[in-house]
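Chemist: Structure supplied as final-v1.tsv; contents: TSV, C-alpha atoms and all ligand atoms.
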```
chain	number	residue	atom	x	y	z
A	6	MET	CA	27.48	-76.02	17.67
A	7	ARG	CA	31.12	-75.41	17.32
A	8	PHE	CA	31.52	-74.54	20.96
A	9	ILE	CA	29.57	-77.54	22.21
A	10	ASP	CA	31.36	-80.02	20.01
A	11	LYS	CA	34.80	-78.64	20.74
A	12	THR	CA	34.08	-78.72	24.44
A	13	ILE	CA	33.14	-82.34	24.71
A	14	LEU	CA	35.53	-83.54	22.12
A	15	SER	CA	38.54	-81.85	23.59
A	16	SER	CA	37.88	-83.91	26.68
A	17	ASP	CA	38.61	-86.99	24.60
A	18	ILE	CA	41.74	-88.51	25.93
A	19	THR	CA	44.89	-87.67	24.05
A	20	PRO	CA	48.36	-89.02	24.83
A	21	LYS	CA	50.23	-86.86	27.32
A	22	ALA	CA	53.12	-86.25	24.98
A	23	VAL	CA	50.66	-85.00	22.40
A	24	PHE	CA	49.42	-82.34	24.79
A	25	GLU	CA	52.99	-81.31	25.43
A	26	ASN	CA	53.84	-81.20	21.76
A	27	ARG	CA	50.65	-79.34	20.99
A	28	ARG	CA	52.13	-76.28	22.68
A	29	ALA	CA	55.01	-76.34	20.21
A	30	LEU	CA	52.61	-76.71	17.31
A	31	ILE	CA	50.48	-73.85	18.54
A	32	LYS	CA	53.59	-71.70	18.69
A	33	THR	CA	54.47	-72.70	15.11
A	34	ALA	CA	50.97	-71.77	13.99
A	35	ALA	CA	51.08	-68.48	15.87
A	36	ALA	CA	54.37	-67.66	14.18
A	37	GLY	CA	52.70	-68.20	10.81
A	38	GLY	CA	54.40	-71.55	10.35
A	39	PHE	CA	51.24	-73.18	9.08
A	40	GLY	CA	50.77	-70.43	6.54
A	41	ALA	CA	47.00	-70.65	6.66
A	42	ALA	CA	44.40	-68.66	8.53
A	43	LEU	CA	42.03	-70.51	10.80
A	44	VAL	CA	38.89	-71.48	8.99
A	45	PRO	CA	35.45	-71.18	10.51
A	46	TRP	CA	34.41	-74.51	11.98
A	47	PHE	CA	32.27	-76.55	9.59
A	48	SER	CA	32.35	-73.98	6.83
A	49	ARG	CA	32.53	-76.37	3.89
A	50	GLU	CA	33.62	-73.67	1.46
A	51	ALA	CA	36.57	-72.82	3.64
A	52	LEU	CA	37.77	-76.39	4.02
A	53	ALA	CA	40.50	-77.96	1.92
A	54	VAL	CA	37.84	-79.87	0.02
A	55	SER	CA	38.09	-81.10	-3.52
A	56	PRO	CA	34.67	-81.12	-5.16
A	57	GLU	CA	35.88	-83.48	-7.90
A	58	LYS	CA	33.40	-86.32	-8.44
A	59	LEU	CA	34.46	-89.95	-8.33
A	60	SER	CA	32.29	-92.45	-10.08
A	61	ALA	CA	31.48	-95.29	-7.67
A	62	THR	CA	28.85	-98.05	-7.71
A	63	PRO	CA	27.06	-98.45	-4.37
A	64	ASN	CA	27.59	-101.87	-2.80
A	65	THR	CA	25.10	-102.18	0.03
A	66	ALA	CA	26.28	-105.69	0.99
A	67	TYR	CA	28.66	-104.05	3.45
A	68	GLY	CA	26.07	-101.95	5.29
A	69	LYS	CA	23.18	-99.56	4.86
A	70	GLU	CA	23.35	-97.42	7.99
A	71	GLU	CA	22.59	-93.74	8.05
A	72	THR	CA	25.83	-91.90	7.35
A	73	THR	CA	27.54	-89.14	9.31
A	74	PRO	CA	27.02	-85.77	7.57
A	75	TYR	CA	29.81	-84.81	5.16
A	76	LYS	CA	30.67	-81.69	7.14
A	77	TYR	CA	31.67	-83.77	10.18
A	78	VAL	CA	33.45	-86.44	8.18
A	79	THR	CA	35.64	-83.79	6.58
A	80	SER	CA	36.22	-81.41	9.47
A	81	TYR	CA	36.82	-83.58	12.55
A	82	ASN	CA	39.89	-85.63	11.76
A	83	ASN	CA	43.13	-87.01	13.01
A	84	PHE	CA	45.99	-86.45	10.56
A	85	TYR	CA	48.98	-85.55	12.69
A	86	GLU	CA	51.07	-84.53	9.70
A	87	PHE	CA	48.87	-81.39	9.79
A	88	GLY	CA	48.67	-80.90	13.55
A	89	THR	CA	47.15	-82.65	16.54
A	90	ASP	CA	43.88	-80.75	16.89
A	91	LYS	CA	40.84	-82.31	15.22
A	92	ALA	CA	40.33	-79.10	13.22
A	93	ASP	CA	43.95	-78.91	12.01
A	94	PRO	CA	43.73	-81.27	9.04
A	95	ALA	CA	40.82	-79.33	7.48
A	96	SER	CA	42.61	-76.03	8.17
A	97	HIS	CA	46.08	-76.99	6.96
A	98	ALA	CA	45.88	-79.88	4.51
A	99	ASP	CA	45.45	-77.57	1.55
A	100	SER	CA	49.25	-77.51	1.16
A	101	LEU	CA	49.26	-81.24	0.32
A	102	GLN	CA	50.02	-81.84	-3.38
A	103	THR	CA	48.01	-84.89	-4.39
A	104	ARG	CA	49.01	-84.92	-8.06
A	105	PRO	CA	51.27	-86.19	-9.46
A	106	TRP	CA	51.31	-89.05	-6.94
A	107	THR	CA	52.95	-92.41	-7.20
A	108	ILE	CA	52.75	-95.40	-4.94
A	109	SER	CA	55.30	-98.18	-4.91
A	110	ILE	CA	54.42	-101.73	-4.03
A	111	GLU	CA	57.53	-103.60	-3.03
A	112	GLY	CA	59.19	-106.10	-0.72
A	113	LEU	CA	58.40	-109.81	-0.81
A	114	VAL	CA	56.44	-109.91	-4.07
A	115	LYS	CA	57.10	-111.45	-7.48
A	116	LYS	CA	56.04	-108.34	-9.37
A	117	PRO	CA	56.99	-105.11	-7.57
A	118	ILE	CA	55.49	-102.08	-9.26
A	119	THR	CA	55.31	-98.30	-9.04
A	120	LEU	CA	51.96	-96.94	-10.09
A	121	ASP	CA	50.71	-93.48	-10.84
A	122	ILE	CA	47.48	-92.65	-9.01
A	123	ASP	CA	45.45	-92.77	-12.24
A	124	ALA	CA	46.73	-96.27	-13.01
A	125	LEU	CA	45.97	-97.33	-9.44
A	126	LEU	CA	42.40	-96.11	-9.79
A	127	LYS	CA	41.91	-98.43	-12.77
A	128	ILE	CA	42.99	-101.68	-11.10
A	129	ALA	CA	39.40	-102.58	-10.16
A	130	PRO	CA	35.92	-101.01	-10.29
A	131	ILE	CA	35.32	-98.42	-7.57
A	132	GLU	CA	32.54	-99.29	-5.14
A	133	GLU	CA	30.89	-97.17	-2.49
A	134	ARG	CA	30.63	-98.99	0.83
A	135	ILE	CA	29.16	-97.67	4.05
A	136	TYR	CA	31.50	-98.52	6.92
A	137	ARG	CA	31.35	-97.81	10.63
A	138	MET	CA	34.58	-96.25	11.87
A	139	ARG	CA	35.61	-96.30	15.53
A	140	CYS	CA	38.48	-94.17	16.81
A	141	VAL	CA	40.52	-95.38	19.79
A	142	GLU	CA	39.60	-92.08	21.49
A	143	GLY	CA	35.95	-93.10	21.81
A	144	TRP	CA	34.21	-91.42	18.90
A	145	SER	CA	32.75	-92.97	15.81
A	146	MET	CA	31.31	-92.10	12.42
A	147	VAL	CA	29.57	-93.93	9.57
A	148	ILE	CA	31.22	-93.10	6.26
A	149	PRO	CA	30.45	-93.97	2.64
A	150	TRP	CA	33.95	-94.76	1.31
A	151	ASP	CA	34.80	-95.17	-2.37
A	152	GLY	CA	37.43	-97.70	-3.36
A	153	TYR	CA	38.07	-101.37	-4.00
A	154	SER	CA	39.27	-104.29	-1.88
A	155	LEU	CA	43.01	-104.05	-1.32
A	156	SER	CA	43.20	-107.77	-2.21
A	157	LYS	CA	42.65	-106.80	-5.87
A	158	LEU	CA	45.93	-104.90	-5.88
A	159	ILE	CA	47.75	-107.50	-3.78
A	160	ASN	CA	46.86	-110.25	-6.26
A	161	LYS	CA	48.45	-108.23	-9.08
A	162	VAL	CA	51.86	-108.12	-7.41
A	163	GLU	CA	51.87	-111.82	-6.43
A	164	PRO	CA	53.26	-111.92	-2.89
A	165	LEU	CA	55.84	-114.59	-2.10
A	166	SER	CA	54.92	-117.26	0.44
A	167	SER	CA	57.41	-115.62	2.84
A	168	ALA	CA	55.27	-112.43	2.91
A	169	LYS	CA	53.49	-112.52	6.27
A	170	TYR	CA	52.68	-108.84	6.77
A	171	VAL	CA	51.91	-105.71	4.78
A	172	GLU	CA	53.26	-102.31	5.76
A	173	PHE	CA	51.65	-99.02	4.72
A	174	ILE	CA	53.81	-95.92	4.61
A	175	SER	CA	52.38	-92.42	4.38
A	176	LEU	CA	53.99	-89.39	2.77
A	177	ALA	CA	56.15	-87.34	5.16
A	178	ASP	CA	57.17	-84.08	3.54
A	179	ARG	CA	57.91	-81.12	5.79
A	180	LYS	CA	57.30	-78.70	2.95
A	181	GLN	CA	53.73	-79.86	2.53
A	182	MET	CA	52.95	-81.15	6.00
A	183	PRO	CA	53.63	-78.73	8.85
A	184	GLY	CA	53.11	-81.34	11.58
A	185	VAL	CA	56.05	-83.40	10.31
A	186	SER	CA	58.39	-80.77	11.78
A	187	SER	CA	57.27	-81.89	15.25
A	188	ASN	CA	58.57	-85.06	16.86
A	189	ILE	CA	55.16	-86.29	18.01
A	190	LEU	CA	55.43	-89.49	15.98
A	191	ASN	CA	58.20	-91.30	14.16
A	192	TRP	CA	57.65	-90.15	10.60
A	193	PRO	CA	56.71	-91.31	8.10
A	194	TYR	CA	53.43	-92.54	9.57
A	195	ARG	CA	53.53	-96.32	9.31
A	196	GLU	CA	50.85	-98.90	9.81
A	197	GLY	CA	50.58	-102.57	9.09
A	198	LEU	CA	48.32	-105.59	8.78
A	199	ARG	CA	48.82	-109.31	8.83
A	200	MET	CA	48.57	-110.79	5.33
A	201	ASP	CA	45.14	-112.38	5.91
A	202	GLU	CA	43.82	-109.07	7.28
A	203	ALA	CA	45.11	-107.20	4.24
A	204	MET	CA	43.47	-109.80	1.96
A	205	ASN	CA	40.12	-109.65	3.78
A	206	PRO	CA	37.57	-108.16	1.34
A	207	LEU	CA	36.58	-105.53	3.95
A	208	THR	CA	40.03	-103.88	3.77
A	209	LEU	CA	39.46	-101.07	1.33
A	210	LEU	CA	41.99	-99.20	-0.79
A	211	THR	CA	40.18	-95.90	-0.72
A	212	PHE	CA	40.15	-92.97	-3.13
A	213	GLY	CA	37.01	-91.10	-2.19
A	214	LEU	CA	34.06	-90.58	0.10
A	215	TYR	CA	30.48	-89.53	-0.57
A	216	GLY	CA	31.15	-90.00	-4.32
A	217	GLU	CA	33.91	-87.39	-4.35
A	218	VAL	CA	37.66	-87.61	-4.57
A	219	LEU	CA	39.05	-87.86	-1.01
A	220	PRO	CA	39.38	-84.46	0.63
A	221	LYS	CA	43.02	-83.88	1.58
A	222	GLN	CA	42.24	-84.00	5.30
A	223	ASN	CA	40.80	-87.49	4.82
A	224	GLY	CA	43.99	-88.87	3.30
A	225	ALA	CA	43.99	-87.95	-0.40
A	226	PRO	CA	44.76	-89.25	-2.89
A	227	VAL	CA	44.80	-92.80	-1.53
A	228	ARG	CA	44.44	-94.37	1.92
A	229	ILE	CA	43.56	-97.61	3.60
A	230	VAL	CA	40.30	-98.19	5.48
A	231	VAL	CA	40.11	-101.10	7.94
A	232	PRO	CA	36.70	-100.79	9.63
A	233	TRP	CA	37.03	-103.52	12.30
A	234	LYS	CA	40.13	-101.88	13.76
A	235	TYR	CA	40.62	-98.58	15.58
A	236	GLY	CA	40.93	-95.64	13.19
A	237	PHE	CA	44.69	-95.22	13.47
A	238	LYS	CA	45.22	-98.49	11.55
A	239	SER	CA	43.75	-96.75	8.48
A	240	ALA	CA	46.84	-94.97	7.14
A	241	LYS	CA	46.30	-91.86	5.03
A	242	SER	CA	48.05	-90.45	1.94
A	243	ILE	CA	50.12	-93.56	1.39
A	244	VAL	CA	53.14	-93.70	-0.93
A	245	LYS	CA	54.41	-97.21	-0.24
A	246	ILE	CA	53.01	-100.67	0.41
A	247	ARG	CA	55.66	-103.16	1.48
A	248	PHE	CA	55.37	-106.92	2.02
A	249	THR	CA	57.49	-108.26	4.87
A	250	GLU	CA	58.22	-111.40	6.80
A	251	GLU	CA	58.50	-109.60	10.15
A	252	MET	CA	55.70	-107.73	11.87
A	253	PRO	CA	56.16	-104.07	10.81
A	254	LYS	CA	57.02	-101.45	13.43
A	255	THR	CA	54.13	-99.02	13.40
A	256	SER	CA	54.26	-95.34	14.40
A	257	TRP	CA	51.70	-95.60	17.22
A	258	ASN	CA	53.12	-98.84	18.54
A	259	GLN	CA	56.54	-97.19	18.71
A	260	PHE	CA	54.96	-94.22	20.43
A	261	ASP	CA	53.54	-96.42	23.20
A	262	ALA	CA	53.31	-100.17	22.71
A	263	ARG	CA	51.09	-100.65	25.76
A	264	GLU	CA	48.48	-98.24	24.48
A	265	TYR	CA	48.57	-99.06	20.76
A	266	GLY	CA	48.94	-102.71	19.92
A	267	PHE	CA	49.65	-104.06	16.45
A	268	TYR	CA	46.22	-105.67	16.12
A	269	SER	CA	44.07	-102.91	17.61
A	270	ASN	CA	40.85	-104.70	16.79
A	271	VAL	CA	37.82	-102.82	18.08
A	272	ASN	CA	36.92	-104.70	21.24
A	273	PRO	CA	34.64	-103.40	24.01
A	274	ALA	CA	36.05	-106.04	26.39
A	275	VAL	CA	39.65	-104.90	26.12
A	276	ASP	CA	40.20	-101.52	27.70
A	277	HIS	CA	42.81	-99.04	26.62
A	278	PRO	CA	45.23	-98.78	29.61
A	279	ARG	CA	43.80	-95.35	30.44
A	280	TRP	CA	40.11	-95.67	29.56
A	281	SER	CA	37.27	-98.07	28.79
A	282	GLN	CA	36.47	-99.02	25.19
A	283	ALA	CA	32.94	-100.22	25.98
A	284	MET	CA	31.04	-97.21	24.64
A	285	GLU	CA	31.37	-94.68	21.86
A	286	ARG	CA	29.94	-91.33	20.84
A	287	ARG	CA	28.61	-90.95	17.29
A	288	ILE	CA	29.85	-87.71	15.87
A	289	GLY	CA	27.13	-85.57	14.31
A	290	ASP	CA	24.26	-86.76	16.49
A	291	PRO	CA	21.78	-83.87	16.48
A	292	LYS	CA	21.52	-84.13	20.28
A	293	GLY	CA	25.18	-83.09	20.61
A	294	VAL	CA	26.46	-83.41	24.18
A	295	PHE	CA	23.14	-84.86	25.28
A	296	ALA	CA	23.20	-87.72	22.80
A	297	PRO	CA	23.38	-91.05	24.61
A	298	LYS	CA	26.57	-92.99	24.04
A	299	ILE	CA	26.19	-96.25	22.18
A	300	LYS	CA	27.68	-99.66	22.90
A	301	THR	CA	30.80	-100.53	20.98
A	302	GLN	CA	30.57	-103.90	19.23
A	303	LEU	CA	33.26	-106.57	19.00
A	304	PHE	CA	35.22	-106.05	15.79
A	305	ASN	CA	33.10	-102.93	15.35
A	306	GLY	CA	30.18	-105.16	14.34
A	307	TYR	CA	32.11	-106.98	11.57
A	308	ALA	CA	32.64	-110.23	13.52
A	309	ASP	CA	30.92	-112.34	10.82
A	310	GLN	CA	33.52	-111.26	8.30
A	311	VAL	CA	36.64	-111.16	10.47
A	312	ALA	CA	36.35	-113.16	13.71
A	313	SER	CA	37.61	-116.39	12.12
A	314	MET	CA	41.00	-114.75	11.49
A	315	TYR	CA	41.52	-114.52	15.26
A	316	ALA	CA	40.12	-117.92	16.30
A	317	GLY	CA	42.10	-119.26	19.24
A	318	MET	CA	43.97	-116.00	19.81
A	319	ASP	CA	43.90	-114.37	23.23
A	320	LEU	CA	42.58	-110.93	22.27
A	321	LYS	CA	43.66	-109.46	25.61
A	322	LYS	CA	47.24	-110.43	24.86
A	323	TYR	CA	47.13	-109.62	21.15
A	324	TYR	CA	45.39	-106.27	21.53
B	401	LIG	N1	47.18	-91.50	8.78
B	401	LIG	C1	48.22	-90.65	8.83
B	401	LIG	N2	49.12	-90.66	7.84
B	401	LIG	N3	48.39	-89.79	9.86
B	401	LIG	C2	47.52	-89.76	10.92
B	401	LIG	O1	47.71	-88.98	11.86
B	401	LIG	N4	45.48	-90.69	11.92
B	401	LIG	C3	44.70	-91.92	12.07
B	401	LIG	C4	44.17	-92.42	10.71
B	401	LIG	N5	45.19	-92.35	9.71
B	401	LIG	C5	46.41	-90.64	10.90
B	401	LIG	C6	46.27	-91.50	9.79
B	401	LIG	C7	43.62	-91.81	13.02
B	401	LIG	S1	44.06	-91.73	14.68
B	401	LIG	C8	42.30	-91.82	12.66
B	401	LIG	S2	41.05	-91.86	13.83
B	401	LIG	C9	41.91	-91.75	11.23
B	401	LIG	O2	43.05	-91.61	10.36
B	401	LIG	C10	40.96	-90.56	11.12
B	401	LIG	O3	40.78	-90.09	9.84
B	401	LIG	P1	39.39	-90.15	9.08
B	401	LIG	O4	38.38	-89.51	9.94
B	401	LIG	O5	39.57	-89.41	7.81
B	401	LIG	O6	39.13	-91.62	8.87
```
Written as structure tokens, how would this file's structure read?
Modeler:
Amino acid sequence: MRFIDKTILSSDITPKAVFENRRALIKTAAAGGFGAALVPWFSREALAVSPEKLSATPNTAYGKEETTPYKYVTSYNNFYEFGTDKADPASHADSLQTRPWTISIEGLVKKPITLDIDALLKIAPIEERIYRMRCVEGWSMVIPWDGYSLSKLINKVEPLSSAKYVEFISLADRKQMPGVSSNILNWPYREGLRMDEAMNPLTLLTFGLYGEVLPKQNGAPVRIVVPWKYGFKSAKSIVKIRFTEEMPKTSWNQFDAREYGFYSNVNPAVDHPRWSQAMERRIGDPKGVFAPKIKTQLFNGYADQVASMYAGMDLKKYY
């Protein structure tokens, strides 16, 4: 299983610079820089998994699809702060200290605030919602996320009318995150949404998955999940939320603006400059390499909830 999955998945297209930088990371790992032995693929016990339960009420209004098995959700990840290989986050994220953790909400708001993770958890009831997730690289999963709509937090801080965008900033600490020593991305990892996108009920401030506290490799202790956009818009392990008038500069957009637009809405009709976005492969399909690819849907199938935000916009231009 491991061999088959790694074979196909490594053929997923990765930016050229990432391949080049990967060599440097491999050297770091070989020199003991990551300080952790390689874990067997899919061995749940060996992963940096927190078994702590998180009480969440299922909300099936957002979807009822069959979910991707936990072992795939937690072992096949992108989290470049821990390396560029899909297995790196599960192997190396153990060094991330998720408590104490504070998050500051600042910028163009009436009531800026710094909250401890426990206080943040109490802002609104935690729901479990099943979301489809589509990565720009062509793979997808269906994940039961635990959290509440980001709008609940935004309403508390009362944004000013000049606030047009929201920026999400992840932790970047070399001591805890070996990948931050590489120059693959401009650290800290930054992402952003337009204000209406951030206020859309689908945008989830996320603390867990499968009824458990987020595993570190999935962005503990708090991350964003934006299911109608490519996966990189869903910033992990965030420490700051900032309200701005200008469109935020995001890490991937700075990396290559042609390949990673600010909007990055899932759209089968708008190709990535180097590959088609029309189809996707569901991770965890029992047929493995032989599983037929499935058609990618506009806005990842969430058009009813989000299409109106883009009415009249040329989605080829605003990709
Ligand atoms: N957040 C941070 N801080 N660093 C990252 O490298 N990768 C993104 C996103 N958030 C990333 C990140 C990408 S490319 C994807 S596909 C998703 O996280 C994957 O993580 P998940 O499988 O846990 O959703």
Chemist: Is it possible to get the residues within 10 Å of (48.2, -82.5, 10.4) (coordinates as in the file, counting only C-alpha atoms) written as a PyMOL selection string?
Modeler: chain A and resi 39+82-98+181-185+222
Chemist: Would you list the contacts of Arg228 in chain A as a count of residues only, taking every protein, DNA or RNA residue within 9 Å and counting all atoms listed in the file, but skipping same-chain residues closer than 4 positions in sequence?
Modeler: 13
Chemist: Could you work out how far CA of Tyr307 in chain A lies from CA of Thr72 in chain A, giving the answer in Å with one decimal?
Modeler: 16.9 Å
Chemist: Using all atoms listed in the file, which of A:Ser100, A:Thr301, A:Thr73, A:Thr119 sits nearest ligand LIG 401 (chain B)?
Modeler: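 Counting all atoms listed in the file, the residue closest to ligand LIG 401 (chain B) is A:Thr73.
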Chemist: Write out as an MDAnalysis selection string which residues come within 9 Å of Tyr268 in chain A when counting all atoms listed in the file, dropping same-chain ones fewer than 4 positions away.
Modeler: chainID A and resid 197:199 234 238 320 323:324
Chemist: Near range 270-282 of chain A, within 7 Å and counting only C-alpha atoms, which residues show up once chain neighbours fewer than 4 positions away are dropped, as a PyMOL selection string?
Modeler: chain A and resi 143+233-235+264+301-305+321+324
Chemist: Quick one: residues within 10 Å of Gly289 in chain A, all atoms listed in the file, excluding same-chain residues fewer than 3 positions away - as an NGL selection string?
Modeler: :A and (10 or 72-78 or 145-147 or 286 or 292-293 or 296)
Chemist: Can you tell me which residues surround Arg104 in chain A at a distance of at most 9 Å, considering all atoms listed in the file, apart from same-chain residues fewer than 3 positions away, and format the answer as a count of residues only?
Modeler: 3
Chemist: Between CA of Ile246 in chain A and CA of Gln310 in chain A, what distance in Å does the model show, to one decimal?
Modeler: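 Separation between CA of Ile246 in chain A and CA of Gln310 in chain A: 23.5 Å.
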Chemist: Between CA of Lys58 in chain A and CA of Gly152 in chain A, measure the distance and give it in Å to one decimal.
Modeler: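 Between CA of Lys58 in chain A and CA of Gly152 in chain A the gap is 13.1 Å.
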Chemist: Restricting the calculation to only C-alpha atoms and all ligand atoms: of A:Phe295, A:Tyr194, A:Tyr67, A:Phe260, which residue gets closest to ligand LIG 401 (chain B)?
Modeler: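 Distance minimum relative to ligand LIG 401 (chain B) lands on A:Tyr194.
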Chemist: Pick out the closest residue to ligand LIG 401 (chain B) from this set: A:Ile299, A:Ile108, A:Ala203, A:Ile189. Count all atoms listed in the file.
Modeler: A:Ile189
Chemist: Which residue, A:Ala308, A:Ile128, A:Leu113, A:Met252, has the smallest gap to Lys161 in chain A when you use all atoms listed in the file?
Modeler: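 For Lys161 in chain A, the nearest of the candidates is A:Ile128.
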Chemist: Of the residues A:Lys221, A:Lys127, A:Lys254, A:Lys180, which is the one nearest to ligand LIG 401 (chain B), using all atoms listed in the file?
Modeler: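 Once distances to ligand LIG 401 (chain B) are computed over all atoms listed in the file, the minimum belongs to A:Lys221.
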Chemist: Mind listing as a ChimeraX atom specification all residues within 7 Å of (25.5, -97.0, 7.9), counting only C-alpha atoms?
Modeler: /A:68-72,135-137,147
